[in-house]
$ cat run-v5.cif   # mmCIF, C-alpha atoms; chains and numbers go by the auth columns
data_my_file
loop_
_atom_site.group_PDB
_atom_site.id
_atom_site.type_symbol
_atom_site.label_atom_id
_atom_site.label_comp_id
_atom_site.label_asym_id
_atom_site.label_seq_id
_atom_site.Cartn_x
_atom_site.Cartn_y
_atom_site.Cartn_z
_atom_site.B_iso_or_equiv
_atom_site.auth_seq_id
_atom_site.auth_asym_id
ATOM 1 C CA ASP A 1 14.013 6.036 -29.796 0.00 14 A
ATOM 2 C CA PHE A 2 17.573 5.278 -28.685 0.00 15 A
ATOM 3 C CA GLU A 3 16.649 5.414 -24.991 0.00 16 A
ATOM 4 C CA GLN A 4 14.037 2.682 -25.507 0.00 17 A
ATOM 5 C CA ALA A 5 16.534 0.642 -27.512 0.00 18 A
ATOM 6 C CA GLN A 6 19.043 0.818 -24.657 0.00 19 A
ATOM 7 C CA VAL A 7 16.390 -0.221 -22.121 0.00 20 A
ATOM 8 C CA MET A 8 15.454 -3.225 -24.257 0.00 21 A
ATOM 9 C CA ALA A 9 19.087 -4.203 -24.686 0.00 22 A
ATOM 10 C CA SER A 10 19.702 -4.001 -20.945 0.00 23 A
ATOM 11 C CA ALA A 11 16.673 -6.233 -20.391 0.00 24 A
ATOM 12 C CA GLY A 12 18.110 -8.856 -22.706 0.00 25 A
ATOM 13 C CA VAL A 13 15.897 -8.201 -25.751 0.00 26 A
ATOM 14 C CA LEU A 14 17.734 -9.311 -28.894 0.00 27 A
ATOM 15 C CA ASN A 15 15.134 -8.553 -31.574 0.00 28 A
ATOM 16 C CA ASP A 16 12.407 -5.906 -31.754 0.00 29 A
ATOM 17 C CA LEU A 17 9.714 -5.424 -34.388 0.00 30 A
ATOM 18 C CA VAL A 18 9.095 -1.698 -34.762 0.00 31 A
ATOM 19 C CA ILE A 19 5.619 -1.128 -36.242 0.00 32 A
ATOM 20 C CA GLY A 20 4.680 2.002 -38.178 0.00 33 A
ATOM 21 C CA ALA A 21 8.038 3.710 -37.701 0.00 34 A
ATOM 22 C CA ALA A 22 9.205 6.653 -39.760 0.00 35 A
ATOM 23 C CA ARG A 23 12.796 6.900 -38.494 0.00 36 A
ATOM 24 C CA ALA A 24 13.614 3.568 -36.879 0.00 37 A
ATOM 25 C CA GLY A 25 15.732 2.751 -39.900 0.00 38 A
ATOM 26 C CA ASP A 26 18.272 5.350 -38.724 0.00 39 A
ATOM 27 C CA HIS A 27 18.380 3.689 -35.301 0.00 40 A
ATOM 28 C CA ASP A 28 18.783 0.264 -36.879 0.00 41 A
ATOM 29 C CA ALA A 29 21.690 1.345 -39.053 0.00 42 A
ATOM 30 C CA GLN A 30 23.565 2.856 -36.118 0.00 43 A
ATOM 31 C CA ILE A 31 22.905 -0.182 -33.912 0.00 44 A
ATOM 32 C CA ASP A 32 24.081 -2.528 -36.672 0.00 45 A
ATOM 33 C CA ALA A 33 27.227 -0.415 -37.089 0.00 46 A
ATOM 34 C CA GLY A 34 28.000 -0.707 -33.375 0.00 47 A
ATOM 35 C CA GLN A 35 27.566 3.035 -32.842 0.00 48 A
ATOM 36 C CA ARG A 36 24.637 2.616 -30.451 0.00 49 A
ATOM 37 C CA PRO A 37 23.521 -0.152 -28.088 0.00 50 A
ATOM 38 C CA GLY A 38 20.254 -1.899 -28.797 0.00 51 A
ATOM 39 C CA PRO A 39 18.531 -5.001 -30.156 0.00 52 A
ATOM 40 C CA LYS A 40 18.263 -5.879 -33.808 0.00 53 A
ATOM 41 C CA LEU A 41 15.411 -3.717 -35.122 0.00 54 A
ATOM 42 C CA HIS A 42 13.037 -5.132 -37.728 0.00 55 A
ATOM 43 C CA VAL A 43 11.458 -1.977 -39.096 0.00 56 A
ATOM 44 C CA THR A 44 7.906 -1.935 -40.435 0.00 57 A
ATOM 45 C CA ALA A 45 7.023 1.159 -42.463 0.00 58 A
ATOM 46 C CA PRO A 46 4.091 3.469 -41.645 0.00 59 A
ATOM 47 C CA TYR A 47 0.811 1.615 -42.115 0.00 60 A
ATOM 48 C CA LEU A 48 -0.554 1.028 -45.598 0.00 61 A
ATOM 49 C CA GLY A 49 -4.147 2.176 -45.197 0.00 62 A
ATOM 50 C CA ASP A 50 -6.115 3.745 -42.392 0.00 63 A
ATOM 51 C CA LEU A 51 -9.338 3.345 -40.397 0.00 64 A
ATOM 52 C CA ALA A 52 -11.946 5.215 -42.455 0.00 65 A
ATOM 53 C CA GLY A 53 -9.955 8.432 -42.099 0.00 66 A
ATOM 54 C CA VAL A 54 -10.471 8.718 -38.333 0.00 67 A
ATOM 55 C CA ILE A 55 -6.785 8.400 -37.386 0.00 68 A
ATOM 56 C CA PRO A 56 -5.075 11.549 -38.711 0.00 69 A
ATOM 57 C CA GLN A 57 -1.574 10.109 -38.372 0.00 70 A
ATOM 58 C CA PHE A 58 -2.373 7.403 -40.948 0.00 71 A
ATOM 59 C CA HIS A 59 -2.127 8.091 -44.645 0.00 72 A
ATOM 60 C CA THR A 60 -5.342 7.410 -46.578 0.00 73 A
ATOM 61 C CA LEU A 61 -4.481 5.538 -49.749 0.00 74 A
ATOM 62 C CA ASN A 62 -5.975 6.946 -52.945 0.00 75 A
ATOM 63 C CA GLY A 63 -5.515 3.888 -55.114 0.00 76 A
ATOM 64 C CA PRO A 64 -3.144 1.041 -55.991 0.00 77 A
ATOM 65 C CA GLU A 65 -0.507 3.350 -57.449 0.00 78 A
ATOM 66 C CA ASP A 66 -0.349 5.196 -54.139 0.00 79 A
ATOM 67 C CA ALA A 67 0.091 1.893 -52.276 0.00 80 A
ATOM 68 C CA GLY A 68 2.959 0.905 -54.549 0.00 81 A
ATOM 69 C CA ARG A 69 4.557 4.325 -54.171 0.00 82 A
ATOM 70 C CA MET A 70 4.471 4.045 -50.377 0.00 83 A
ATOM 71 C CA VAL A 71 6.092 0.619 -50.423 0.00 84 A
ATOM 72 C CA ASP A 72 8.855 1.770 -52.761 0.00 85 A
ATOM 73 C CA TYR A 73 9.545 4.950 -50.794 0.00 86 A
ATOM 74 C CA TRP A 74 9.749 3.325 -47.363 0.00 87 A
ATOM 75 C CA ALA A 75 11.790 0.415 -48.669 0.00 88 A
ATOM 76 C CA GLU A 76 14.355 2.929 -49.856 0.00 89 A
ATOM 77 C CA GLU A 77 14.220 4.552 -46.399 0.00 90 A
ATOM 78 C CA GLY A 78 15.187 1.285 -44.738 0.00 91 A
ATOM 79 C CA ALA A 79 11.893 -0.434 -43.902 0.00 92 A
ATOM 80 C CA THR A 80 12.261 -4.201 -43.829 0.00 93 A
ATOM 81 C CA SER A 81 8.572 -5.119 -43.820 0.00 94 A
ATOM 82 C CA PHE A 82 5.112 -3.602 -44.243 0.00 95 A
ATOM 83 C CA LYS A 83 1.769 -3.701 -42.475 0.00 96 A
ATOM 84 C CA ALA A 84 -1.502 -3.200 -44.328 0.00 97 A
ATOM 85 C CA PHE A 85 -4.282 -1.671 -42.264 0.00 98 A
ATOM 86 C CA MET A 86 -8.022 -1.916 -42.052 0.00 99 A
ATOM 87 C CA SER A 87 -9.384 0.266 -44.859 0.00 100 A
ATOM 88 C CA ILE A 88 -6.950 -0.926 -47.523 0.00 101 A
ATOM 89 C CA LYS A 89 -8.811 -2.258 -50.576 0.00 102 A
ATOM 90 C CA ARG A 90 -8.084 -5.382 -52.567 0.00 103 A
ATOM 91 C CA ASN A 91 -6.455 -3.641 -55.531 0.00 104 A
ATOM 92 C CA GLU A 92 -4.307 -1.537 -53.173 0.00 105 A
ATOM 93 C CA LEU A 93 -3.277 -4.582 -51.170 0.00 106 A
ATOM 94 C CA LYS A 94 -2.434 -6.499 -54.356 0.00 107 A
ATOM 95 C CA THR A 95 -0.119 -3.739 -55.559 0.00 108 A
ATOM 96 C CA ALA A 96 1.496 -3.326 -52.141 0.00 109 A
ATOM 97 C CA ILE A 97 2.206 -7.061 -51.945 0.00 110 A
ATOM 98 C CA GLU A 98 3.672 -7.120 -55.453 0.00 111 A
ATOM 99 C CA HIS A 99 5.990 -4.176 -54.747 0.00 112 A
ATOM 100 C CA ALA A 100 7.108 -5.607 -51.394 0.00 113 A
ATOM 101 C CA HIS A 101 7.775 -9.067 -52.797 0.00 114 A
ATOM 102 C CA ALA A 102 9.664 -7.602 -55.744 0.00 115 A
ATOM 103 C CA ARG A 103 12.155 -6.290 -53.169 0.00 116 A
ATOM 104 C CA GLY A 104 12.262 -9.534 -51.197 0.00 117 A
ATOM 105 C CA LEU A 105 10.281 -7.996 -48.326 0.00 118 A
ATOM 106 C CA LYS A 106 7.247 -9.336 -46.486 0.00 119 A
ATOM 107 C CA ILE A 107 3.880 -7.803 -45.715 0.00 120 A
ATOM 108 C CA THR A 108 1.441 -8.465 -42.897 0.00 121 A
ATOM 109 C CA GLY A 109 -1.993 -7.012 -42.291 0.00 122 A
ATOM 110 C CA HIS A 110 -4.559 -6.054 -39.679 0.00 123 A
ATOM 111 C CA LEU A 111 -7.324 -6.240 -42.234 0.00 124 A
ATOM 112 C CA CYS A 112 -11.019 -5.417 -42.337 0.00 125 A
ATOM 113 C CA ALA A 113 -12.127 -4.326 -45.810 0.00 126 A
ATOM 114 C CA VAL A 114 -10.342 -7.398 -47.200 0.00 127 A
ATOM 115 C CA GLY A 115 -11.096 -10.849 -45.808 0.00 128 A
ATOM 116 C CA PHE A 116 -8.465 -13.423 -44.948 0.00 129 A
ATOM 117 C CA ARG A 117 -9.049 -15.680 -47.943 0.00 130 A
ATOM 118 C CA ASP A 118 -8.896 -12.797 -50.408 0.00 131 A
ATOM 119 C CA ALA A 119 -5.703 -11.549 -48.781 0.00 132 A
ATOM 120 C CA ALA A 120 -4.175 -15.020 -48.920 0.00 133 A
ATOM 121 C CA ALA A 121 -5.031 -15.306 -52.610 0.00 134 A
ATOM 122 C CA LEU A 122 -3.302 -11.974 -53.208 0.00 135 A
ATOM 123 C CA GLY A 123 -0.122 -13.306 -51.596 0.00 136 A
ATOM 124 C CA ILE A 124 -0.020 -11.729 -48.128 0.00 137 A
ATOM 125 C CA ASP A 125 2.611 -13.268 -45.829 0.00 138 A
ATOM 126 C CA ASN A 126 0.966 -12.883 -42.417 0.00 139 A
ATOM 127 C CA LEU A 127 -2.376 -11.921 -40.880 0.00 140 A
ATOM 128 C CA GLU A 128 -2.585 -10.086 -37.568 0.00 141 A
ATOM 129 C CA HIS A 129 -4.884 -10.772 -34.597 0.00 142 A
ATOM 130 C CA GLY A 130 -6.507 -13.969 -35.804 0.00 143 A
ATOM 131 C CA ILE A 131 -9.982 -14.834 -36.996 0.00 144 A
ATOM 132 C CA ILE A 132 -11.646 -12.335 -34.663 0.00 145 A
ATOM 133 C CA VAL A 133 -10.857 -9.562 -37.179 0.00 146 A
ATOM 134 C CA ASP A 134 -11.724 -11.566 -40.305 0.00 147 A
ATOM 135 C CA THR A 135 -14.837 -9.843 -41.657 0.00 148 A
ATOM 136 C CA GLU A 136 -15.547 -12.299 -44.483 0.00 149 A
ATOM 137 C CA PHE A 137 -18.068 -14.283 -42.402 0.00 150 A
ATOM 138 C CA LEU A 138 -20.373 -11.302 -41.783 0.00 151 A
ATOM 139 C CA PRO A 139 -23.602 -11.832 -43.786 0.00 152 A
ATOM 140 C CA GLY A 140 -23.986 -9.156 -46.451 0.00 153 A
ATOM 141 C CA LYS A 141 -20.408 -7.934 -46.150 0.00 154 A
ATOM 142 C CA LYS A 142 -19.610 -5.876 -49.261 0.00 155 A
ATOM 143 C CA PRO A 143 -16.246 -6.025 -51.041 0.00 156 A
ATOM 144 C CA ASP A 144 -13.732 -3.385 -49.932 0.00 157 A
ATOM 145 C CA GLU A 145 -15.911 -2.115 -47.074 0.00 158 A
ATOM 146 C CA CYS A 146 -14.848 -2.324 -43.426 0.00 159 A
ATOM 147 C CA PRO A 147 -17.694 -3.277 -41.038 0.00 160 A
ATOM 148 C CA ALA A 148 -15.304 -3.761 -38.118 0.00 161 A
ATOM 149 C CA GLN A 149 -17.689 -3.545 -35.161 0.00 162 A
ATOM 150 C CA ALA A 150 -20.554 -5.399 -36.840 0.00 163 A
ATOM 151 C CA ALA A 151 -18.220 -8.210 -37.860 0.00 164 A
ATOM 152 C CA ALA A 152 -16.703 -8.466 -34.371 0.00 165 A
ATOM 153 C CA ASP A 153 -20.151 -8.666 -32.780 0.00 166 A
ATOM 154 C CA ASP A 154 -21.272 -11.257 -35.323 0.00 167 A
ATOM 155 C CA PHE A 155 -18.162 -13.337 -34.764 0.00 168 A
ATOM 156 C CA ALA A 156 -18.667 -13.415 -31.006 0.00 169 A
ATOM 157 C CA LYS A 157 -22.347 -14.335 -31.214 0.00 170 A
ATOM 158 C CA ARG A 158 -22.757 -16.470 -34.335 0.00 171 A
ATOM 159 C CA VAL A 159 -19.605 -17.704 -36.075 0.00 172 A
ATOM 160 C CA ASP A 160 -18.789 -21.351 -35.365 0.00 173 A
ATOM 161 C CA ILE A 161 -15.089 -22.234 -35.561 0.00 174 A
ATOM 162 C CA ASP A 162 -15.986 -25.799 -36.592 0.00 175 A
ATOM 163 C CA SER A 163 -18.256 -24.669 -39.420 0.00 176 A
ATOM 164 C CA ALA A 164 -17.373 -25.536 -43.004 0.00 177 A
ATOM 165 C CA PRO A 165 -16.618 -21.931 -44.127 0.00 178 A
ATOM 166 C CA VAL A 166 -14.241 -21.276 -41.239 0.00 179 A
ATOM 167 C CA GLN A 167 -12.470 -24.609 -41.666 0.00 180 A
ATOM 168 C CA ALA A 168 -12.123 -23.947 -45.400 0.00 181 A
ATOM 169 C CA MET A 169 -10.522 -20.588 -44.643 0.00 182 A
ATOM 170 C CA ILE A 170 -8.051 -22.209 -42.248 0.00 183 A
ATOM 171 C CA ARG A 171 -7.106 -24.878 -44.794 0.00 184 A
ATOM 172 C CA ASP A 172 -6.647 -22.189 -47.424 0.00 185 A
ATOM 173 C CA LEU A 173 -4.235 -20.247 -45.219 0.00 186 A
ATOM 174 C CA VAL A 174 -2.272 -23.405 -44.444 0.00 187 A
ATOM 175 C CA THR A 175 -2.094 -24.375 -48.122 0.00 188 A
ATOM 176 C CA ARG A 176 -0.824 -20.917 -49.064 0.00 189 A
ATOM 177 C CA HIS A 177 1.631 -20.824 -46.119 0.00 190 A
ATOM 178 C CA VAL A 178 0.097 -17.690 -44.625 0.00 191 A
ATOM 179 C CA ALA A 179 1.052 -17.231 -40.978 0.00 192 A
ATOM 180 C CA VAL A 180 -1.367 -15.880 -38.357 0.00 193 A
ATOM 181 C CA THR A 181 -0.363 -13.791 -35.323 0.00 194 A
ATOM 182 C CA SER A 182 -3.227 -14.249 -32.885 0.00 195 A
ATOM 183 C CA THR A 183 -2.310 -11.610 -30.204 0.00 196 A
ATOM 184 C CA LEU A 184 -4.555 -13.299 -27.629 0.00 197 A
ATOM 185 C CA ALA A 185 -3.084 -11.199 -24.818 0.00 198 A
ATOM 186 C CA VAL A 186 -4.380 -8.064 -26.530 0.00 199 A
ATOM 187 C CA PHE A 187 -7.928 -9.385 -26.627 0.00 200 A
ATOM 188 C CA GLU A 188 -7.763 -10.670 -23.071 0.00 201 A
ATOM 189 C CA ALA A 189 -7.251 -7.068 -21.943 0.00 202 A
ATOM 190 C CA LEU A 190 -10.697 -6.225 -23.396 0.00 203 A
ATOM 191 C CA VAL A 191 -12.413 -8.812 -21.168 0.00 204 A
ATOM 192 C CA PRO A 192 -13.761 -7.359 -17.895 0.00 205 A
ATOM 193 C CA ASP A 193 -11.408 -7.945 -14.937 0.00 206 A
ATOM 194 C CA ARG A 194 -8.744 -9.674 -17.032 0.00 207 A
ATOM 195 C CA PRO A 195 -5.894 -10.256 -16.595 0.00 208 A
ATOM 196 C CA LEU A 196 -6.252 -10.903 -12.890 0.00 209 A
ATOM 197 C CA MET A 197 -4.913 -8.071 -10.741 0.00 210 A
ATOM 198 C CA SER A 198 -2.907 -10.609 -8.757 0.00 211 A
ATOM 199 C CA LYS A 199 -0.882 -11.249 -11.911 0.00 212 A
ATOM 200 C CA LEU A 200 -0.017 -7.603 -12.588 0.00 213 A
ATOM 201 C CA GLY A 201 2.497 -6.803 -9.854 0.00 214 A
ATOM 202 C CA ARG A 202 5.459 -6.853 -12.221 0.00 215 A
ATOM 203 C CA VAL A 203 3.542 -4.775 -14.768 0.00 216 A
ATOM 204 C CA GLU A 204 2.896 -2.027 -12.228 0.00 217 A
ATOM 205 C CA LYS A 205 6.584 -1.886 -11.332 0.00 218 A
ATOM 206 C CA ALA A 206 7.511 -1.522 -14.992 0.00 219 A
ATOM 207 C CA LEU A 207 5.177 1.435 -15.652 0.00 220 A
ATOM 208 C CA THR A 208 5.330 5.082 -14.672 0.00 221 A
ATOM 209 C CA THR A 209 2.790 6.301 -12.134 0.00 222 A
ATOM 210 C CA ASP A 210 0.782 8.047 -14.855 0.00 223 A
ATOM 211 C CA ALA A 211 0.836 5.018 -17.167 0.00 224 A
ATOM 212 C CA TRP A 212 -0.350 2.710 -14.382 0.00 225 A
ATOM 213 C CA ALA A 213 -3.156 5.130 -13.467 0.00 226 A
ATOM 214 C CA SER A 214 -4.216 5.275 -17.112 0.00 227 A
ATOM 215 C CA TYR A 215 -4.247 1.477 -17.308 0.00 228 A
ATOM 216 C CA LEU A 216 -6.413 1.195 -14.190 0.00 229 A
ATOM 217 C CA GLU A 217 -8.839 3.790 -15.556 0.00 230 A
ATOM 218 C CA THR A 218 -9.207 1.874 -18.829 0.00 231 A
ATOM 219 C CA ARG A 219 -9.568 -1.403 -16.968 0.00 232 A
ATOM 220 C CA SER A 220 -12.354 0.058 -14.806 0.00 233 A
ATOM 221 C CA ALA A 221 -14.173 1.390 -17.871 0.00 234 A
ATOM 222 C CA ILE A 222 -14.081 -2.076 -19.492 0.00 235 A
ATOM 223 C CA ALA A 223 -15.397 -3.637 -16.277 0.00 236 A
ATOM 224 C CA ARG A 224 -18.251 -1.120 -16.059 0.00 237 A
ATOM 225 C CA GLY A 225 -19.242 -1.845 -19.659 0.00 238 A
ATOM 226 C CA ASP A 226 -19.300 -5.582 -18.929 0.00 239 A
ATOM 227 C CA ALA A 227 -19.658 -6.393 -22.633 0.00 240 A
ATOM 228 C CA PRO A 228 -19.812 -10.174 -23.204 0.00 241 A
ATOM 229 C CA GLY A 229 -18.491 -10.069 -26.760 0.00 242 A
ATOM 230 C CA PRO A 230 -14.722 -9.977 -26.053 0.00 243 A
ATOM 231 C CA ALA A 231 -14.891 -12.943 -23.681 0.00 244 A
ATOM 232 C CA MET A 232 -17.015 -14.949 -26.118 0.00 245 A
ATOM 233 C CA ALA A 233 -14.634 -14.177 -28.974 0.00 246 A
ATOM 234 C CA LEU A 234 -11.552 -14.981 -26.887 0.00 247 A
ATOM 235 C CA LYS A 235 -12.912 -18.410 -25.968 0.00 248 A
ATOM 236 C CA LYS A 236 -13.372 -19.224 -29.652 0.00 249 A
#

$ encode --input "run-v5.cif" --output "structure tokens"
Amino acid sequence: DFEQAQVMASAGVLNDLVIGAARAGDHDAQIDAGQRPGPKLHVTAPYLGDLAGVIPQFHTLNGPEDAGRMVDYWAEEGATSFKAFMSIKRNELKTAIEHAHARGLKITGHLCAVGFRDAAALGIDNLEHGIIVDTEFLPGKKPDECPAQAAADDFAKRVDIDSAPVQAMIRDLVTRHVAVTSTLAVFEALVPDRPLMSKLGRVEKALTTDAWASYLETRSAIARGDAPGPAMALKK
């Protein structure tokens, strides 16, 4: 919202990527026109795809035509980029990419049902979160199905970064000029007792009392679970 835009501007933020926004295009237009203070907003439309229907705010695609329709609609509404999400299928992703590129716009993806190499072959511009979410190395993985947890567990325990399949995937992404946004800080937060509390003084000052309490509660729950997978995956 405009209040957040003003806070970012006062903090010296010049550019902000707004993910999954429905109305940020209005904010962007007014900021660009000098009517409101704020950073340059790069607006990503509502996600293309969902997580097996468990997130009610996300639209469940019903085929490639629906994916193309969403891209066209949100481009007209001012979106400047798109983000494909986990349950999107190959034919839906292909159509979304084609419609976005036809308008000179880019598309990224936090994928699951589609592996990195398939997405690269379809023409995706960027892949979110790095190899830890690439499901293509899970034995028995079926096309257009999203085995998110099984693939994450398998990656942490079995996948070797130096193995031939992984290295081939990396070379393929480089050849096709597909960028990767690794978001290592996000995964570090899933590792018990990380980041170190001694490093979080500035974070506490930046949060409301309720937000800080919620963070500490989540942090304690992760520590109690003491799952080794996130730390193993992060090291890779």

$ atom_distance --input "run-v5.cif" --atom1 "CA of Lys96 (chain A)" --atom2 "CA of Leu27 (chain A)"
21.7 Å

$ closest_residue --input "run-v5.cif" --among "A:Ala219, A:Met83, A:Ala240, A:Ala97" --to "Val20 (chain A)" --atoms "only C-alpha atoms"
A:Ala219

$ resolve_selection --input "run-v5.cif" --expression "the PyMOL selection byres ((chain A and resi 195) around 9)" --output "VMD selection string"
chain A and resid 140 to 145 193 to 194 196 to 199

$ resolve_selection --input "run-v5.cif" --expression "the PyMOL selection byres ((chain A and resi 132) around 12)" --output "CSV table (one decimal) with C-alpha atoms, in the frame of the given file"
chain,number,residue,atom,x,y,z
A,97,ALA,CA,-1.5,-3.2,-44.3
A,98,PHE,CA,-4.3,-1.7,-42.3
A,99,MET,CA,-8.0,-1.9,-42.1
A,101,ILE,CA,-7.0,-0.9,-47.5
A,102,LYS,CA,-8.8,-2.3,-50.6
A,103,ARG,CA,-8.1,-5.4,-52.6
A,104,ASN,CA,-6.5,-3.6,-55.5
A,105,GLU,CA,-4.3,-1.5,-53.2
A,106,LEU,CA,-3.3,-4.6,-51.2
A,107,LYS,CA,-2.4,-6.5,-54.4
A,108,THR,CA,-0.1,-3.7,-55.6
A,109,ALA,CA,1.5,-3.3,-52.1
A,110,ILE,CA,2.2,-7.1,-51.9
A,120,ILE,CA,3.9,-7.8,-45.7
A,121,THR,CA,1.4,-8.5,-42.9
A,122,GLY,CA,-2.0,-7.0,-42.3
A,123,HIS,CA,-4.6,-6.1,-39.7
A,124,LEU,CA,-7.3,-6.2,-42.2
A,125,CYS,CA,-11.0,-5.4,-42.3
A,126,ALA,CA,-12.1,-4.3,-45.8
A,127,VAL,CA,-10.3,-7.4,-47.2
A,128,GLY,CA,-11.1,-10.8,-45.8
A,129,PHE,CA,-8.5,-13.4,-44.9
A,130,ARG,CA,-9.0,-15.7,-47.9
A,131,ASP,CA,-8.9,-12.8,-50.4
A,133,ALA,CA,-4.2,-15.0,-48.9
A,134,ALA,CA,-5.0,-15.3,-52.6
A,135,LEU,CA,-3.3,-12.0,-53.2
A,136,GLY,CA,-0.1,-13.3,-51.6
A,137,ILE,CA,0.0,-11.7,-48.1
A,138,ASP,CA,2.6,-13.3,-45.8
A,139,ASN,CA,1.0,-12.9,-42.4
A,140,LEU,CA,-2.4,-11.9,-40.9
A,141,GLU,CA,-2.6,-10.1,-37.6
A,147,ASP,CA,-11.7,-11.6,-40.3
A,148,THR,CA,-14.8,-9.8,-41.7
A,149,GLU,CA,-15.5,-12.3,-44.5
A,157,ASP,CA,-13.7,-3.4,-49.9
A,182,MET,CA,-10.5,-20.6,-44.6
A,185,ASP,CA,-6.6,-22.2,-47.4
A,186,LEU,CA,-4.2,-20.2,-45.2
A,189,ARG,CA,-0.8,-20.9,-49.1
A,191,VAL,CA,0.1,-17.7,-44.6
A,192,ALA,CA,1.1,-17.2,-41.0

$ closest_residue --input "run-v5.cif" --among "A:Ala202, A:Met21, A:Pro156, A:Ile183" --to "Thr231 (chain A)" --atoms "only C-alpha atoms"
A:Ala202

$ resolve_selection --input "run-v5.cif" --expression "the PyMOL selection byres ((chain A and resi 74) around 8)" --output "PyMOL selection string"
chain A and resi 61-63+72-73+75-77+79-80+101+105

$ write_last_selection --input "run-v5.cif" --atoms "C-alpha atoms" --output "compact mmCIF listing (two decimals), in the coordinates of the input"
# COMPACT_ATOMS: atom_id res chain seq x y z
CA LEU A 61 -0.55 1.03 -45.60
CA GLY A 62 -4.15 2.18 -45.20
CA ASP A 63 -6.12 3.74 -42.39
CA HIS A 72 -2.13 8.09 -44.64
CA THR A 73 -5.34 7.41 -46.58
CA ASN A 75 -5.98 6.95 -52.94
CA GLY A 76 -5.52 3.89 -55.11
CA PRO A 77 -3.14 1.04 -55.99
CA ASP A 79 -0.35 5.20 -54.14
CA ALA A 80 0.09 1.89 -52.28
CA ILE A 101 -6.95 -0.93 -47.52
CA GLU A 105 -4.31 -1.54 -53.17

$ atom_distance --input "run-v5.cif" --atom1 "CA of Val56 (chain A)" --atom2 "CA of Asn28 (chain A)"
10.6 Å

$ closest_residue --input "run-v5.cif" --among "A:Ala226, A:Glu90, A:Leu247, A:Pro205" --to "Val146 (chain A)" --atoms "only C-alpha atoms"
A:Leu247

$ atom_distance --input "run-v5.cif" --atom1 "CA of Arg116 (chain A)" --atom2 "CA of Gln48 (chain A)"
27.2 Å

$ closest_residue --input "run-v5.cif" --among "A:Ala115, A:Val67, A:Ala169, A:Val84" --to "Met245 (chain A)" --atoms "all atoms listed in the file"
A:Ala169

$ axis_aligned_box --input "run-v5.cif" --around "region 170-177 of chain A" --padding-each-side "4 Å" --output "AutoDock Vina command-line options"
--center_x -18.9 --center_y -20.1 --center_z -37.1 --size_x 15.7 --size_y 19.5 --size_z 19.8

$ residues_near_point --input "run-v5.cif" --point "(-15.3, -17.4, -29.1)" --cutoff "10 Å" --atoms "all atoms listed in the file" --output "list of chain:residue names"
A:Ile144, A:Ile145, A:Phe168, A:Ala169, A:Lys170, A:Arg171, A:Val172, A:Asp173, A:Ile174, A:Gly242, A:Pro243, A:Ala244, A:Met245, A:Ala246, A:Leu247, A:Lys248, A:Lys249

$ residues_around --input "run-v5.cif" --residues "Ala236 (chain A)" --least-positions-apart "4" --cutoff "8 Å" --atoms "only C-alpha atoms" --output "ChimeraX atom specification"
/A:204-206,232

$ write_last_selection --input "run-v5.cif" --atoms "C-alpha atoms" --output "PDB file, in the frame of the given file"
ATOM      1  CA  VAL A 204     -12.413  -8.812 -21.168  1.00  0.00           C
ATOM      2  CA  PRO A 205     -13.761  -7.359 -17.895  1.00  0.00           C
ATOM      3  CA  ASP A 206     -11.408  -7.945 -14.937  1.00  0.00           C
ATOM      4  CA  ARG A 232      -9.568  -1.403 -16.968  1.00  0.00           C
TER       5      ARG A 232
END
